[in-house]
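K.L.:
First, the structure itself, so that you have it in front of you.
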Amino acid sequence: MRCAGVTLLLAGCFAFFHVAESQIMSIDLGHEFFKVALMRQGVPLEIVLNTHSKRKTTTAVSFFDAVRTFGDDALSHQGKDPAKVPMFFHSSLGKNYTAADIDDGGKWWSDFGLGDKFYSYQLGYNATRGVPTFKIGDDEVELEEVLASVFFFAKKIADDSGEGKVINVRDLVVTMPSDAMLRQRQAIAAASEIAGLRLLTLVHETSAFA
């Protein structure tokens with residue numbers, strides 16, 4: 001966990017807001033897992049445990065049931081209907097592809113790197129934006145919407161960590177790869193907005209680790 005760099009960054013962000021009201025969440029967004037930390041007035045930086053009392057949560061969202069599930073709970077649906085459980089997707093955020101690129105064996109699958117046998121997603125295509133979408137039943141879901149669901153779940157576990165104290169996180173810090181393109185950054189910002197969060201800043205993984 002890249003705690004030291006994120007701690008300093010959160011402390012800097014914290015100084016800009018009213019100390020009695022500030023509650024800042026950070027998400028260490030990994031390719032397979034994510035971790036959530038929370039800073040609030042009068043309390044040391046804390047790593048938030050998920051609903052299974054674990055520090056790290058699988059970066060997965062399940063659309064298998066009418067109500068979305070996340071993390072390890074989403075993994076239980078992956079074997080039943082993998083097309084409805086997007087995983088390992090956020091590295092493709094903000095990248096442009098052609099309609100042919102999302103066909104089996106196309107460039108998107110090559111960039112995805114894990115093949116289409118174990119992760120047999122059904123992909124659609126947004127021609128206006130030049131980006132793939134996930135086909136979930138009769139709907140097509142943008143990748144930013146899926147990431148927004150992850151952020152929303154992170155907010156929920158942060159809000160539920162108060163042990164009787166009211167927590168309502170609105171501000172967010174997210175780690176990202178140091179080589180992330182501008183459109184990747186914009187996609188993360190869009191996902192934050194969809195989740196109802198205000199993105200304070202993006203932190204390079206290398207800076208957070210330092």
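Ligands are numbered from 1 in the order shown, residues from 1 within each chain, and chains are lettered A, B, ... in the order they appear in the structure tokens.
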For A:Leu114, please output as a compact mmCIF listing (two decimals) with N, CA and C atoms, in the first residue's frame all residues within 9 Å (counting only C-alpha atoms; exclusion window: fewer than 5 positions along the same chain).

P.N.:
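around23.txt, freshly written:
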```txt
# COMPACT_ATOMS: atom_id res chain seq x y z
N PHE A 88 -10.53 -5.87 -14.64
CA PHE A 88 -9.27 -5.54 -15.32
C PHE A 88 -9.49 -4.58 -16.50
N TRP A 109 -8.53 -6.62 -27.42
CA TRP A 109 -8.24 -7.84 -26.68
C TRP A 109 -6.74 -8.03 -26.51
N TYR A 119 -12.39 -14.35 -19.80
CA TYR A 119 -13.09 -13.08 -19.61
C TYR A 119 -13.86 -12.77 -20.89
```

K.L.:
If you run DSSP over the backbone, which residues in stretch 10-127 of chain A end up strand (DSSP E or B)? Put them as a PyMOL selection string.

P.N.:
chain A and resi 23-29+33-40+43-48+56-58+60-62+69-70+87+123-126

K.L.:
Considering only C-alpha atoms, state which residue in the set A:Gly113, A:Gly164, A:Gly94, A:Gly71 is at the smallest distance from A:Glu32.

P.N.:
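Of the candidates, the smallest distance to A:Glu32 is held by A:Gly71.
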
K.L.:
Can you tell me which residues surround A:Asp103 at a distance of at most 10 Å, considering only C-alpha atoms, apart from same-chain residues fewer than 5 positions away, and format the answer as a list in words?

P.N.:
Thr98, Trp108, Trp109, Gln122, Leu123 and Gly124 of chain A

K.L.:
Taking 5 positions as the minimum chain separation for residues in the same chain, which residues sit within 12 Å of A:Thr58 when counting only C-alpha atoms? Answer as a PDB file with N, CA and C atoms, in the first residue's frame.

P.N.:
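Wrote it out as out-v1.pdb, contents follow:
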```pdb
ATOM      1  N   ASP A  28      -6.526   3.779  -3.723  1.00  0.00           N
ATOM      2  CA  ASP A  28      -5.342   3.226  -4.380  1.00  0.00           C
ATOM      3  C   ASP A  28      -5.859   2.239  -5.409  1.00  0.00           C
ATOM      4  N   LEU A  29      -6.025   2.710  -6.645  1.00  0.00           N
ATOM      5  CA  LEU A  29      -6.716   1.945  -7.683  1.00  0.00           C
ATOM      6  C   LEU A  29      -5.746   1.039  -8.422  1.00  0.00           C
ATOM      7  N   GLY A  30      -5.764  -0.227  -8.073  1.00  0.00           N
ATOM      8  CA  GLY A  30      -4.907  -1.186  -8.739  1.00  0.00           C
ATOM      9  C   GLY A  30      -5.637  -1.926  -9.849  1.00  0.00           C
ATOM     10  N   HIS A  31      -4.870  -2.631 -10.658  1.00  0.00           N
ATOM     11  CA  HIS A  31      -5.448  -3.339 -11.796  1.00  0.00           C
ATOM     12  C   HIS A  31      -6.359  -4.474 -11.333  1.00  0.00           C
ATOM     13  N   GLU A  32      -5.974  -5.129 -10.229  1.00  0.00           N
ATOM     14  CA  GLU A  32      -6.751  -6.263  -9.717  1.00  0.00           C
ATOM     15  C   GLU A  32      -7.493  -5.921  -8.426  1.00  0.00           C
ATOM     16  N   PHE A  33      -6.870  -5.094  -7.587  1.00  0.00           N
ATOM     17  CA  PHE A  33      -7.471  -4.734  -6.304  1.00  0.00           C
ATOM     18  C   PHE A  33      -7.434  -3.221  -6.112  1.00  0.00           C
ATOM     19  N   PHE A  34      -8.274  -2.734  -5.201  1.00  0.00           N
ATOM     20  CA  PHE A  34      -8.166  -1.341  -4.768  1.00  0.00           C
ATOM     21  C   PHE A  34      -8.252  -1.287  -3.246  1.00  0.00           C
ATOM     22  N   LYS A  35      -7.682  -0.229  -2.677  1.00  0.00           N
ATOM     23  CA  LYS A  35      -7.734   0.003  -1.236  1.00  0.00           C
ATOM     24  C   LYS A  35      -8.261   1.408  -0.996  1.00  0.00           C
ATOM     25  N   VAL A  36      -8.913   1.570   0.140  1.00  0.00           N
ATOM     26  CA  VAL A  36      -9.539   2.847   0.478  1.00  0.00           C
ATOM     27  C   VAL A  36      -8.954   3.352   1.793  1.00  0.00           C
ATOM     28  N   ASN A  50     -13.240  -3.412   4.078  1.00  0.00           N
ATOM     29  CA  ASN A  50     -14.451  -3.621   3.291  1.00  0.00           C
ATOM     30  C   ASN A  50     -15.459  -4.473   4.072  1.00  0.00           C
ATOM     31  N   THR A  51     -16.514  -4.877   3.410  1.00  0.00           N
ATOM     32  CA  THR A  51     -17.584  -5.612   4.085  1.00  0.00           C
ATOM     33  C   THR A  51     -17.139  -6.998   4.554  1.00  0.00           C
ATOM     34  N   HIS A  52     -15.980  -7.460   4.047  1.00  0.00           N
ATOM     35  CA  HIS A  52     -15.432  -8.744   4.485  1.00  0.00           C
ATOM     36  C   HIS A  52     -14.256  -8.550   5.439  1.00  0.00           C
ATOM     37  N   THR A  69     -23.361  -5.885  -7.282  1.00  0.00           N
ATOM     38  CA  THR A  69     -22.490  -6.319  -6.191  1.00  0.00           C
ATOM     39  C   THR A  69     -21.051  -6.053  -6.583  1.00  0.00           C
ATOM     40  N   PHE A  70     -20.161  -6.057  -5.576  1.00  0.00           N
ATOM     41  CA  PHE A  70     -18.800  -5.594  -5.799  1.00  0.00           C
ATOM     42  C   PHE A  70     -17.800  -6.512  -5.120  1.00  0.00           C
ATOM     43  N   GLY A  71     -16.553  -6.400  -5.549  1.00  0.00           N
ATOM     44  CA  GLY A  71     -15.464  -7.100  -4.890  1.00  0.00           C
ATOM     45  C   GLY A  71     -15.623  -8.603  -4.904  1.00  0.00           C
ATOM     46  N   ASP A  72     -15.361  -9.232  -3.751  1.00  0.00           N
ATOM     47  CA  ASP A  72     -15.444 -10.692  -3.655  1.00  0.00           C
ATOM     48  C   ASP A  72     -16.857 -11.197  -3.933  1.00  0.00           C
ATOM     49  N   ASP A  73     -17.853 -10.404  -3.585  1.00  0.00           N
ATOM     50  CA  ASP A  73     -19.234 -10.814  -3.867  1.00  0.00           C
ATOM     51  C   ASP A  73     -19.485 -10.856  -5.371  1.00  0.00           C
ATOM     52  N   ALA A  74     -18.870  -9.950  -6.108  1.00  0.00           N
ATOM     53  CA  ALA A  74     -19.004  -9.949  -7.565  1.00  0.00           C
ATOM     54  C   ALA A  74     -18.299 -11.155  -8.178  1.00  0.00           C
ATOM     55  N   LEU A  75     -17.182 -11.574  -7.573  1.00  0.00           N
ATOM     56  CA  LEU A  75     -16.431 -12.711  -8.104  1.00  0.00           C
ATOM     57  C   LEU A  75     -17.246 -13.995  -8.113  1.00  0.00           C
ATOM     58  N   SER A  76     -18.190 -14.121  -7.170  1.00  0.00           N
ATOM     59  CA  SER A  76     -19.009 -15.332  -7.124  1.00  0.00           C
ATOM     60  C   SER A  76     -19.894 -15.459  -8.360  1.00  0.00           C
ATOM     61  N   VAL A  85     -19.638  -9.355 -15.408  1.00  0.00           N
ATOM     62  CA  VAL A  85     -18.749  -9.007 -14.295  1.00  0.00           C
ATOM     63  C   VAL A  85     -17.461  -8.388 -14.865  1.00  0.00           C
ATOM     64  N   PRO A  86     -17.501  -7.105 -15.232  1.00  0.00           N
ATOM     65  CA  PRO A  86     -16.293  -6.462 -15.775  1.00  0.00           C
ATOM     66  C   PRO A  86     -15.159  -6.426 -14.751  1.00  0.00           C
ATOM     67  N   MET A  87     -13.960  -6.805 -15.217  1.00  0.00           N
ATOM     68  CA  MET A  87     -12.755  -6.771 -14.391  1.00  0.00           C
ATOM     69  C   MET A  87     -11.580  -6.354 -15.269  1.00  0.00           C
ATOM     70  N   PHE A  88     -10.525  -5.872 -14.637  1.00  0.00           N
ATOM     71  CA  PHE A  88      -9.272  -5.540 -15.318  1.00  0.00           C
ATOM     72  C   PHE A  88      -9.486  -4.577 -16.496  1.00  0.00           C
ATOM     73  N   VAL A 150     -17.458   1.355  -8.939  1.00  0.00           N
ATOM     74  CA  VAL A 150     -16.395   1.011  -7.994  1.00  0.00           C
ATOM     75  C   VAL A 150     -16.197   2.153  -7.001  1.00  0.00           C
ATOM     76  N   PHE A 153     -19.019   2.290  -4.500  1.00  0.00           N
ATOM     77  CA  PHE A 153     -18.885   1.272  -3.461  1.00  0.00           C
ATOM     78  C   PHE A 153     -17.798   1.665  -2.466  1.00  0.00           C
ATOM     79  N   ALA A 154     -16.695   2.236  -2.962  1.00  0.00           N
ATOM     80  CA  ALA A 154     -15.633   2.702  -2.069  1.00  0.00           C
ATOM     81  C   ALA A 154     -16.174   3.764  -1.113  1.00  0.00           C
TER      82      ALA A 154
END
```

K.L.:
With distances taken over only C-alpha atoms, which residue among A:Leu202, A:Asp101, A:Asp81, A:Ser149 lies nearest A:Val173?

P.N.:
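Result for the nearest residue to A:Val173: A:Leu202.
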
K.L.:
List every residue of stretch 64-178 of chain A that has an atom at most 8 Å from any atom of stretch 182-187 of chain A, giving for each one its closest atom pair and the distance in Å to one decimal, counting only C-alpha atoms, sorted by chain and then by ascending residue number, as a Markdown table.

P.N.:
```
| residue | atom | partner | partner_atom | distance |
| --- | --- | --- | --- | --- |
| A:Leu93 | CA | A:Gln184 | CA | 5.4 |
| A:Gly94 | CA | A:Gln184 | CA | 4.5 |
| A:Lys95 | CA | A:Arg183 | CA | 7.2 |
| A:Glu144 | CA | A:Ala187 | CA | 6.1 |
```

K.L.:
Running DSSP on the backbone, which parts of stretch 65-180 of chain A land in helix (DSSP H, G or I), as a count of residues only?

P.N.:
43

K.L.:
To one decimal place, how far is atom CA of A:Glu142 from atom CA of A:Asn126 in Å?

P.N.:
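Interatomic distance here is 8.5 Å.
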
K.L.:
With only C-alpha atoms as the atoms that count, which of A:Arg129, A:Asp104, A:Glu145, A:Leu199 lies nearest to A:Val169?

P.N.:
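Nearest to A:Val169: A:Leu199.
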
K.L.:
Pick out the closest residue to A:Asp171 from this set: A:Ala189, A:Leu197, A:Asp139, A:Val67. Count only C-alpha atoms.

P.N.:
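Among the listed residues, the smallest separation from A:Asp171 belongs to A:Leu197.
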
K.L.:
Hey, what's within 8 Å of A:Arg198 if we count only C-alpha atoms and toss same-chain stuff fewer than 4 positions away? As a list in words, please?

P.N.:
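Near neighbours after the sequence-gap exclusion: Arg170, Asp171, Leu172, Ser192 and Glu193 of chain A.
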
K.L.:
Could you save the residues just selected, with N, CA, C and O atoms, as a PDB file, in the first residue's frame?

P.N.:
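Dumped to result_11.pdb:
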```pdb
ATOM      1  N   ARG A 170     -17.285  13.305   0.255  1.00  0.00           N
ATOM      2  CA  ARG A 170     -17.552  13.981  -1.015  1.00  0.00           C
ATOM      3  C   ARG A 170     -16.279  14.206  -1.833  1.00  0.00           C
ATOM      4  O   ARG A 170     -16.337  14.347  -3.044  1.00  0.00           O
ATOM      5  N   ASP A 171     -15.134  14.240  -1.147  1.00  0.00           N
ATOM      6  CA  ASP A 171     -13.877  14.575  -1.807  1.00  0.00           C
ATOM      7  C   ASP A 171     -13.013  13.329  -1.987  1.00  0.00           C
ATOM      8  O   ASP A 171     -12.969  12.460  -1.114  1.00  0.00           O
ATOM      9  N   LEU A 172     -12.292  13.287  -3.093  1.00  0.00           N
ATOM     10  CA  LEU A 172     -11.621  12.052  -3.502  1.00  0.00           C
ATOM     11  C   LEU A 172     -10.237  12.342  -4.079  1.00  0.00           C
ATOM     12  O   LEU A 172     -10.036  13.318  -4.798  1.00  0.00           O
ATOM     13  N   SER A 192     -15.531   9.838 -11.343  1.00  0.00           N
ATOM     14  CA  SER A 192     -15.718  10.440 -10.019  1.00  0.00           C
ATOM     15  C   SER A 192     -16.989  11.277  -9.984  1.00  0.00           C
ATOM     16  O   SER A 192     -17.771  11.203  -9.033  1.00  0.00           O
ATOM     17  N   GLU A 193     -17.186  12.065 -11.039  1.00  0.00           N
ATOM     18  CA  GLU A 193     -18.376  12.923 -11.098  1.00  0.00           C
ATOM     19  C   GLU A 193     -19.651  12.088 -11.168  1.00  0.00           C
ATOM     20  O   GLU A 193     -20.649  12.402 -10.513  1.00  0.00           O
TER      21      GLU A 193
END
```

K.L.:
Can you measure atom CA of A:Ala37 to atom CA of A:Leu49 for me? One decimal in Å is fine.

P.N.:
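It comes out at 8.9 Å.
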